[in-house]
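**Student:** Quick one: structure below, then a few questions.
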Number of protein chains: 2
Amino acid sequence: MKDKTLLMIPGPTPVPENVLLEMAKSPVPHRSSEFSRIFDEVNEDLKWIFQTKNDVFIFASSGTGAMDAALSNLVNPQDKVLSLVIGNFGERWAKIAESHGAAAERMTVPYGEVINPAELKARLDKDVNKEIKIVTMTHSETSTGAVNDIKTLCKIIREHGALSVVDGVTSVGAMDLKTDEWEIDVVVSGSQKGFMIPPGLAFLTASDRAFEVHKQCKYPGFYFNWSSYKKSLANHTTPYTPAVNLVIALHTALKMLKAEGLENIFARHKSNALLLRDCLRQMGLKLFVEDDTKASYAVTSVFPPDGISVPDIRKVLKEDYDIIIANGQNDLKDKIFRIGTLGFVSERDILTVVAALNASIEKLKRR
Amino acid sequence: MKDKTLLMIPGPTPVPENVLLEMAKSPVPHRSSEFSRIFDEVNEDLKWIFQTKNDVFIFASSGTGAMDAALSNLVNPQDKVLSLVIGNFGERWAKIAESHGAAAERMTVPYGEVINPAELKARLDKDVNKEIKIVTMTHSETSTGAVNDIKTLCKIIREHGALSVVDGVTSVGAMDLKTDEWEIDVVVSGSQKGFMIPPGLAFLTASDRAFEVHKQCKYPGFYFNWSSYKKSLANHTTPYTPAVNLVIALHTALKMLKAEGLENIFARHKSNALLLRDCLRQMGLKLFVEDDTKASYAVTSVFPPDGISVPDIRKVLKEDYDIIIANGQNDLKDKIFRIGTLGFVSERDILTVVAALNASIEKLKRR
């Protein structure tokens with residue numbers, strides 16, 4: 001039996017049935033009071049999940065669009081950006097900065113590890129002329145499954161006087177990220193992750209400090225210009241045609257998330273990820289991020305057992321069990337596999353994937 | 001009875017039931033052979049509808065995103081862009097050029113009129129040092145319902161040696177636009193128009209000439225960088241997470257359009273628009289674009305009868321007949337109303353909206 005697919009990848013994540021049905025409704029005209037009413041509720045619920053009093057802008061784009069929107073609105077050519085790189089998505093920040101003419105300096109750790117706050121502090125202490133304008137980082141690094149201590153990192157950045165820009169793509173709605181309390185300047189995320197809807201929307205929130213820097217940006221571009229979104233949001237609308245069906249689906253998904261409650265959502269992701277990690281260890285598998293305190297609760301990276309390849313594991317899981325897990329990316333391709341535990345994922349799904357993974361490996365061993 | 005809505009606005013346009021049902025399917029993992037197979041077919045069908053042999057990039061964005069992507073990949077600060085402005089969307093090109101630091105010169109006509117090719121020729125003839133790098137224009141101007149003769153305009157631009165950049169948002173898939181044969185350099189469009197799917201995708205195709213200019217662009221940004229899309233497309237994928245459900249819906253919609261055939265699609269839009277225009281004239285209404293040869297077949301702008309307001313007409317049509325038509329934009333708000341005849345619209349819909357509009361005006365006259 002096919003087409004009974006279970007998505008256990010770090011995005012797109014499973015979408016609840018009632019959210020999928022919202023996707024199938026005829027588009028609501030976006031310049032109508034009916035849409036504005038829904039849009040206003042979505043905006044309030046996004047503030048809740050981003051833990052901020054500031055606006056959260058909704059872009060019709062992928063998460064990378066929101067990352068681009070974060071830096072295109074802040075940097076001018078020759079500005080200095082420090083990028084904390086613990087994986088591909090940390091590296092992406094540096095590339096985005098460079099695509100806008102900024103000078104990106106990378107602080108890189110071996111993939112699987114995380115940034116040591118003391119090393120960041122030491123680097124910023126050397127920046128006596130305060131040339132570093134922005135520090136970028138990933139919260140939950142989707143390519144490795146490691147998680148940065150952004151609370152501590154952003155505090156150090158704030159004390160130095162630079163802006164902190166955080167990729168919360170696989171963390172917002174899955175792991176605690178207190179935008180305002182931790183004084184983070186920019187947080188971005190994407191729809192097909194903790195938000196439990198299909199891909200196509202991205203989100204960005206910016207502090208007043210970041211907005212002041214934005215005002216000095218010479219060529220912020222057009223589509224992602226924060227000021228346009230801010231102005232339109234105050235008028236209960238978007239500057240350009242929103243992806244209406246996705247916004248309506250998000251409206252339903254956010255109501256489900258609110259009913260569960262933030263603390264419960266975070267606890268579910270934590271207990272699911274730790275359960276998965278325990279089960280994998282009991283199966284004798286080696287985790288790419290061994291230390292539980294440095295592991296993301298959204299995605300877990302695993303080495304295959306000796307003599308069994310990642311493509312074979314993925315193939316059996318897909319063909320025999322209709323479960324999709326992810327390969328490693330770039331240099332980690334075929335070296336690790338990744339299991340997403342993000343979004344509409346329950347403890348039952350963890351037991352299921354563990355059982356099927358176990359069975360798949362047994363099958364492959366007998367070959 | 002409510003919720004039997006008929007969308008007669010220039011976007012979002014009505015979506016066929018089988019396309020809506022595709023929207024409700026669980027997201028396909030975007031890095032899978034299953035998705036790549038669909039993606040490849042969509043790309044071939046997009047070339048067909050854009051009438052080009054070149055790649056057509058699919059962005060997760062609104063149509064304005066693709067407009068931004070057109071210029072952000074071509075202009076450097078201080079470049080000269082000539083924007084042919086016949087309405088709000090023509091003006092948008094100039095604003096986008098300026099947002100990237102280019103110097104935009106506007107050739108503006110009163111809204112409702114179109115660009116006179118002889119005037120464009122005269123302006124370019126004065127550009128003896130070939131300083132004008134790009135000329136932007138709208139094909140079907142959504143805010144007025146006028147249509148530029150882009151075949152002639154782009155020929156003049158090509159002979160001058162500048163790049164032509166065309167907004168085909170409400171024309172591609174509705175009116176003939178021969179990208180390659182007319183040697184247009186960049187064409188953009190959006191999903192919620194002639195493509196018969198909800199908003200959230202945008203399209204861009206660029207000529208080899210445009211790609212050569214792109215390579216000289218210093219700060220093209222990241223998310224919309226053409227080179228990334230070109231490289232990924234050759235690998236049967238997208239550089240960043242695509243809006244999977246919309247791509248799958250597009251796959252189905254394009255099959256429907258191919259079954260109808262380009263000539264039939266264009267003929268349907270033409271006969272529907274001309275039928276609507278005839279009926280409106282018979283009702284004694286004055287059209288904003290009087291000359292049929294200068295009128296878009298995608299959207300028709302109409303003055304209200306004396307003594308009856310645009311908001312009242314829209315209100316009665318919505319409340320009594322569940323038909324949505326558009327108001328005018330900006331300065332034209334409450335001065336004209338606009339009826340979309342774009343996408344999944346049949347002759348029956350034209351008869352319906354005419355009958356309901358007639359009944360609405362009669363009701364309002366009796367008040």
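By convention here, the chains of the structure tokens are called A, B, ... in the order presented, each chain's residues are numbered starting at 1, and ligands are numbered starting at 1 in the order presented.
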At a cut-off of 7 Å, can you tabulate as a Markdown table every residue of chain B near chain A together with its closest atom pair and the distance in Å to one decimal, using only C-alpha atoms and ordering rows by chain then number?

**Tutor:**
```
| residue | atom | partner | partner_atom | distance |
| --- | --- | --- | --- | --- |
| B:Pro12 | CA | A:Pro29 | CA | 6.3 |
| B:Val15 | CA | A:Ser26 | CA | 6.4 |
| B:Leu20 | CA | A:Ala24 | CA | 4.6 |
| B:Leu21 | CA | A:Ala24 | CA | 5.5 |
| B:Met23 | CA | A:Ala24 | CA | 5.3 |
| B:Ala24 | CA | A:Leu20 | CA | 4.6 |
| B:Lys25 | CA | A:Leu20 | CA | 6.6 |
| B:Ser26 | CA | A:Val15 | CA | 6.4 |
| B:Pro27 | CA | A:Pro198 | CA | 6.1 |
| B:Pro29 | CA | A:Pro12 | CA | 6.3 |
| B:Ala60 | CA | A:Ser61 | CA | 4.6 |
| B:Ser61 | CA | A:Ala60 | CA | 4.6 |
| B:Ser62 | CA | A:Thr241 | CA | 5.9 |
| B:Thr64 | CA | A:Tyr223 | CA | 6.4 |
| B:Gly65 | CA | A:Tyr223 | CA | 5.4 |
| B:Asp68 | CA | A:Tyr223 | CA | 6.0 |
| B:Ile96 | CA | A:Phe222 | CA | 5.5 |
| B:Ser99 | CA | A:Gly221 | CA | 4.8 |
| B:His100 | CA | A:Tyr219 | CA | 5.0 |
| B:Gly101 | CA | A:Tyr219 | CA | 5.9 |
| B:Pro198 | CA | A:Pro27 | CA | 6.1 |
| B:Pro199 | CA | A:Ala243 | CA | 4.8 |
| B:Gly200 | CA | A:Ala243 | CA | 4.4 |
| B:Tyr219 | CA | A:His100 | CA | 5.0 |
| B:Pro220 | CA | A:Ser99 | CA | 6.3 |
| B:Gly221 | CA | A:Ser99 | CA | 4.8 |
| B:Phe222 | CA | A:Ile96 | CA | 5.5 |
| B:Tyr223 | CA | A:Gly65 | CA | 5.3 |
| B:Tyr240 | CA | A:Thr64 | CA | 6.7 |
| B:Thr241 | CA | A:Ser62 | CA | 5.9 |
| B:Pro242 | CA | A:Pro199 | CA | 6.7 |
| B:Ala243 | CA | A:Gly200 | CA | 4.4 |
| B:Val244 | CA | A:Pro199 | CA | 6.3 |
| B:Asn245 | CA | A:Pro198 | CA | 6.8 |
```

**Student:** Might you pull out every residue within 10 Å of A:Ala118, with only C-alpha atoms counted and same-chain residues fewer than 3 positions away left off, and present them as a count of residues only?

**Tutor:** 8

**Student:** Which residues are close to stretch 257-265 of chain A, i.e. within 12 Å by only C-alpha atoms, leaving aside same-chain residues fewer than 2 positions away? Reply as a ChimeraX atom specification.

**Tutor:** /A:16,19,41-42,44-51,171-178,194-197,250-255,267-272,297-298,341-346

**Student:** If you run DSSP on the backbone, which residues of stretch 229-357 of chain A are alpha helix (DSSP H), as number ranges by chain?

**Tutor:** A: 229-234, 244-260, 262-282, 310-321, 347-357

**Student:** Please report, as number ranges by chain, each residue of stretch 73-239 of chain B to which DSSP assigns strand (DSSP E) when run on this structure's backbone.

**Tutor:** B: 80-85, 103-108, 132-138, 140-141, 146-147, 163-167, 186-190, 201-206

**Student:** A:Phe211: which residues within 10 Å, counting only C-alpha atoms, same-chain residues fewer than 6 positions away excluded, as a ChimeraX atom specification?

**Tutor:** /A:73-74,185-186,217,226-227

**Student:** Mind pulling up the distance from atom CA of B:Val75 to atom CA of B:Ser189?

**Tutor:**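 If I compute the distance from atom CA of B:Ser189 to atom CA of B:Val75, I get 19.7 Å.
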
**Student:** For stretch 306-317 of chain B, work out the shell of residues within 9 Å, counting only C-alpha atoms and skipping chain neighbours fewer than 2 positions away, then give it as a list in words.

**Tutor:**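 Counting only the stated atoms, we get Phe303, Pro304, Glu319, Asp320, Tyr321, Asp322, Ile323, Ile324, Ile325, Ala326, Asn327, Gly328, Lys333, Asp334, Lys335, Ile336, Phe337, Val353, Ala356, Leu357, Ala359, Ser360, Ile361, Lys363, Leu364 and Lys365 of chain B.
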
**Student:** Based on the selection just made, write N, CA and C atoms of those residues as a PDB file, in the first residue's frame.

**Tutor:**
```
ATOM      1  N   PHE B 303     -17.181  53.514 -15.853  1.00  0.00           N
ATOM      2  CA  PHE B 303     -17.698  54.600 -15.022  1.00  0.00           C
ATOM      3  C   PHE B 303     -19.091  54.217 -14.526  1.00  0.00           C
ATOM      4  N   PRO B 304     -19.435  54.587 -13.302  1.00  0.00           N
ATOM      5  CA  PRO B 304     -20.796  54.307 -12.823  1.00  0.00           C
ATOM      6  C   PRO B 304     -21.781  55.257 -13.517  1.00  0.00           C
ATOM      7  N   GLU B 319     -23.809  41.820  -1.959  1.00  0.00           N
ATOM      8  CA  GLU B 319     -24.794  41.374  -0.971  1.00  0.00           C
ATOM      9  C   GLU B 319     -25.966  40.635  -1.607  1.00  0.00           C
ATOM     10  N   ASP B 320     -26.407  41.117  -2.745  1.00  0.00           N
ATOM     11  CA  ASP B 320     -27.599  40.500  -3.342  1.00  0.00           C
ATOM     12  C   ASP B 320     -27.243  39.381  -4.322  1.00  0.00           C
ATOM     13  N   TYR B 321     -26.055  39.469  -4.915  1.00  0.00           N
ATOM     14  CA  TYR B 321     -25.734  38.504  -5.974  1.00  0.00           C
ATOM     15  C   TYR B 321     -24.426  37.743  -5.750  1.00  0.00           C
ATOM     16  N   ASP B 322     -23.748  38.053  -4.645  1.00  0.00           N
ATOM     17  CA  ASP B 322     -22.492  37.361  -4.317  1.00  0.00           C
ATOM     18  C   ASP B 322     -21.477  37.424  -5.471  1.00  0.00           C
ATOM     19  N   ILE B 323     -21.461  38.556  -6.152  1.00  0.00           N
ATOM     20  CA  ILE B 323     -20.474  38.775  -7.214  1.00  0.00           C
ATOM     21  C   ILE B 323     -19.514  39.863  -6.747  1.00  0.00           C
ATOM     22  N   ILE B 324     -18.228  39.570  -6.850  1.00  0.00           N
ATOM     23  CA  ILE B 324     -17.214  40.533  -6.406  1.00  0.00           C
ATOM     24  C   ILE B 324     -16.598  41.198  -7.629  1.00  0.00           C
ATOM     25  N   ILE B 325     -16.722  42.520  -7.702  1.00  0.00           N
ATOM     26  CA  ILE B 325     -15.978  43.275  -8.715  1.00  0.00           C
ATOM     27  C   ILE B 325     -15.061  44.245  -7.976  1.00  0.00           C
ATOM     28  N   ALA B 326     -14.116  44.839  -8.684  1.00  0.00           N
ATOM     29  CA  ALA B 326     -13.094  45.660  -8.027  1.00  0.00           C
ATOM     30  C   ALA B 326     -13.420  47.139  -8.145  1.00  0.00           C
ATOM     31  N   ASN B 327     -12.997  47.891  -7.153  1.00  0.00           N
ATOM     32  CA  ASN B 327     -13.060  49.346  -7.203  1.00  0.00           C
ATOM     33  C   ASN B 327     -11.879  49.848  -8.041  1.00  0.00           C
ATOM     34  N   GLY B 328     -11.822  51.120  -8.342  1.00  0.00           N
ATOM     35  CA  GLY B 328     -10.624  51.715  -8.921  1.00  0.00           C
ATOM     36  C   GLY B 328      -9.537  51.811  -7.866  1.00  0.00           C
ATOM     37  N   LYS B 333     -10.111  55.508  -7.307  1.00  0.00           N
ATOM     38  CA  LYS B 333     -11.013  54.870  -6.356  1.00  0.00           C
ATOM     39  C   LYS B 333     -12.361  55.597  -6.342  1.00  0.00           C
ATOM     40  N   ASP B 334     -13.433  54.842  -6.392  1.00  0.00           N
ATOM     41  CA  ASP B 334     -14.807  55.367  -6.401  1.00  0.00           C
ATOM     42  C   ASP B 334     -15.147  56.124  -7.687  1.00  0.00           C
ATOM     43  N   LYS B 335     -14.199  56.225  -8.608  1.00  0.00           N
ATOM     44  CA  LYS B 335     -14.481  56.887  -9.895  1.00  0.00           C
ATOM     45  C   LYS B 335     -14.823  55.860 -10.976  1.00  0.00           C
ATOM     46  N   ILE B 336     -14.204  54.691 -10.881  1.00  0.00           N
ATOM     47  CA  ILE B 336     -14.504  53.603 -11.819  1.00  0.00           C
ATOM     48  C   ILE B 336     -14.665  52.308 -11.017  1.00  0.00           C
ATOM     49  N   PHE B 337     -15.309  51.338 -11.641  1.00  0.00           N
ATOM     50  CA  PHE B 337     -15.220  49.973 -11.108  1.00  0.00           C
ATOM     51  C   PHE B 337     -14.615  49.100 -12.194  1.00  0.00           C
ATOM     52  N   VAL B 353     -22.731  38.376 -14.912  1.00  0.00           N
ATOM     53  CA  VAL B 353     -22.338  39.633 -14.279  1.00  0.00           C
ATOM     54  C   VAL B 353     -23.081  40.798 -14.919  1.00  0.00           C
ATOM     55  N   ALA B 356     -26.635  40.756 -13.458  1.00  0.00           N
ATOM     56  CA  ALA B 356     -26.642  41.180 -12.059  1.00  0.00           C
ATOM     57  C   ALA B 356     -26.300  42.661 -11.931  1.00  0.00           C
ATOM     58  N   LEU B 357     -25.388  43.137 -12.769  1.00  0.00           N
ATOM     59  CA  LEU B 357     -25.028  44.556 -12.740  1.00  0.00           C
ATOM     60  C   LEU B 357     -26.243  45.391 -13.143  1.00  0.00           C
ATOM     61  N   ALA B 359     -29.399  44.552 -12.882  1.00  0.00           N
ATOM     62  CA  ALA B 359     -30.384  44.482 -11.799  1.00  0.00           C
ATOM     63  C   ALA B 359     -29.965  45.367 -10.628  1.00  0.00           C
ATOM     64  N   SER B 360     -28.669  45.390 -10.325  1.00  0.00           N
ATOM     65  CA  SER B 360     -28.168  46.198  -9.209  1.00  0.00           C
ATOM     66  C   SER B 360     -28.400  47.682  -9.482  1.00  0.00           C
ATOM     67  N   ILE B 361     -28.100  48.104 -10.699  1.00  0.00           N
ATOM     68  CA  ILE B 361     -28.268  49.522 -11.037  1.00  0.00           C
ATOM     69  C   ILE B 361     -29.752  49.903 -11.000  1.00  0.00           C
ATOM     70  N   LYS B 363     -32.037  48.529  -9.128  1.00  0.00           N
ATOM     71  CA  LYS B 363     -32.390  48.624  -7.697  1.00  0.00           C
ATOM     72  C   LYS B 363     -31.950  49.967  -7.114  1.00  0.00           C
ATOM     73  N   LEU B 364     -30.726  50.361  -7.441  1.00  0.00           N
ATOM     74  CA  LEU B 364     -30.178  51.593  -6.878  1.00  0.00           C
ATOM     75  C   LEU B 364     -30.917  52.822  -7.416  1.00  0.00           C
ATOM     76  N   LYS B 365     -31.363  52.754  -8.664  1.00  0.00           N
ATOM     77  CA  LYS B 365     -32.111  53.881  -9.234  1.00  0.00           C
ATOM     78  C   LYS B 365     -33.450  54.058  -8.527  1.00  0.00           C
TER      79      LYS B 365
END
```

**Student:** Report as a PyMOL selection string all protein, DNA and RNA residues lying within 12 Å of B:Phe288, evaluated on only C-alpha atoms, omitting residues in the same chain fewer than 2 positions from it.

**Tutor:** chain B and resi 110-113+143-146+277+280-281+285-286+290-292+294-296+299-304+328+332+335-339
